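Worksheet: the structure to be examined is printed underneath.
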Amino acid sequence: METKIWQATDLSAAVKALQRGRLVAFPTETVYGLGADAFNEKAVGKVYAAKGRPSDNPLIVHVATPSQVRDYAQVSEQAQQLMDAFWPGPLTIILPVVPGKLSKLVTGGLQTVASRLPDNAVTRQLISAVDSPLVGPSANTSGKPSPTIAEHVYHDLHGKIAGVVDDGATKIGVESTVIDLSTDHPAILRPGKITGPEIEAVLGVPVDSSERHVAADEAPKAPGMKYRHYAPDKDVYMVKEADWTKAIIWAQGQLAPVGLMLPDRLVEKHQLAGMDFVWPLGENDASAAAKLFAGLRNFDDQPMVQTILVARLAETPANAAYNNRLNKAAGGQYFDVAEFM
């Protein structure tokens, strides 16, 4: 299959492909998603095959308007409050599914469904033109860093999907916050741009933001909870701020180049500006999140680089999404001064 790259100014070919049950990657404000008609079970099955995705990993349904969610999910008062406050935007809401409305391939076999309305006008226009919600997991090989530009999608899925709608680089760069409203107590299952305190301010009730662990025989309610995610083929280690001096000394002593990913202020502090194998993460938490996956992909594509050292940020609600994705990419591994030096 030849994979096309379509410009966002002309969606006609992408619309036809989706209506014919083919797969089309689309842009959002978070990462690029791999789209298929959510009501076409055969098309949804192709998503799992193209990504190599485990079949019990549920998919997020993307809509063009909040009213579309009522076609397949039971929308609560709390859900409506969050839709009014944060949609369109990077918030995914888990609700009870209306029986018989969606394939078990969409829900991962659960009685719940995850939905969001992306803050990207091109994709909302695409969904409206298709006249059906679209499933939209990240448009990459399962487990690898998520795509933040169309070229990332093409790299991973060329020959496996009909095409990708190119709308430039995503703004946020990490996946949406996932909030579970299918139980008595709201709980964040995956951190994202929208934080727990922001959600609590809207709902007026406590929100559980503790990290969830899913057992091997348990189906995850949301993507990113159970399986290996966001990881390049190279070894990735998190580096605490106090350890960067020794980490850089270690890296400079290696025969093979080591990829270094750290905020601009640390680049300047350690006089690394303009050096090869350095990926600046920008000036703040927002820029770090936006640049994380692109940096991991950059070094993963360089054969000489075997190890990537990445800055762990301060543990704040604003940094939760960045640290969550980095922790998974590194498999929980930190640069250990005693072990490496």
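Please note that chains go A, B, ... in the order of the structure tokens, that every chain numbers its residues from 1, and that ligands are numbered from 1 in the order shown.
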| request: List the neighbours of Leu326 in chain A out to 10 Å using only C-alpha atoms; skip same-chain residues closer than 4 positions along the sequence, and give me the result as a VMD selection string. | output: chain A and resid 145 229 to 231 236 to 238 289 292 to 293 296 310 to 313 320 to 322 330 to 333
| In range 65-279 of chain A, DSSP strand (DSSP E or B) residues written as a PyMOL selection string | chain A and resi 73+91-97+112-116+134-135+138+163-166+177-180+187-190+208+235-239+258-262+278-279
Using only C-alpha atoms, tabulate the residues of range 137-187 of chain A lying at most 12 Å from any atom of range 118-132 of chain A, each with its closest atom pair and that distance in Å to one decimal, by chain and increasing residue number, as a Markdown table.
| residue | atom | partner | partner_atom | distance |
| --- | --- | --- | --- | --- |
| A:Val164 | CA | A:Thr123 | CA | 11.4 |
| A:Val165 | CA | A:Thr123 | CA | 8.8 |
| A:Asp166 | CA | A:Val122 | CA | 9.6 |
| A:Asp167 | CA | A:Val122 | CA | 7.7 |
| A:Gly168 | CA | A:Val122 | CA | 11.2 |
| A:Ala169 | CA | A:Asn120 | CA | 11.6 |
| A:Thr170 | CA | A:Asn120 | CA | 9.3 |
| A:Lys171 | CA | A:Asn120 | CA | 9.8 |
| A:Ile172 | CA | A:Asp119 | CA | 10.5 |
| A:Glu175 | CA | A:Pro118 | CA | 10.9 |
| A:Ser176 | CA | A:Pro118 | CA | 9.2 |
| A:Thr177 | CA | A:Pro118 | CA | 11.9 |
Could you write those residues out with C-alpha atoms, as a CSV table (one decimal), in the first residue's frame?
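Result went into again-v4.csv, see below:
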chain,number,residue,atom,x,y,z
A,164,VAL,CA,-1.7,11.1,6.8
A,165,VAL,CA,-3.1,14.6,7.0
A,166,ASP,CA,-0.2,17.0,7.5
A,167,ASP,CA,-1.0,20.0,9.7
A,168,GLY,CA,2.6,20.6,11.0
A,169,ALA,CA,3.9,19.9,14.5
A,170,THR,CA,1.6,19.3,17.3
A,171,LYS,CA,1.4,22.0,20.0
A,172,ILE,CA,1.4,20.0,23.2
A,175,GLU,CA,-1.2,12.6,24.9
A,176,SER,CA,-4.3,13.9,26.6
A,177,THR,CA,-5.2,13.6,30.3
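Atom to atom, CA of Ser55 in chain A and CA of Lys160 in chain A stand 17.8 Å apart.
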| message | Can you tell me which residues surround Lys246 in chain A at a distance of at most 8 Å, considering only C-alpha atoms, apart from same-chain residues fewer than 3 positions away, and format the answer as an MDAnalysis selection string? | response | chainID A and resid 243 249:250 337 341
| said: Can you tell me, as number ranges by chain, which residues in range 113-271 of chain A count as helix (DSSP H, G or I) by DSSP? | reply: A: 121-130, 150-157, 196-203, 241-252, 264-269
| remark: From the list A:Leu134, A:Ala13, A:Ala150, A:Ala79, the nearest residue to Pro27 in chain A using only C-alpha atoms is A:Ala150
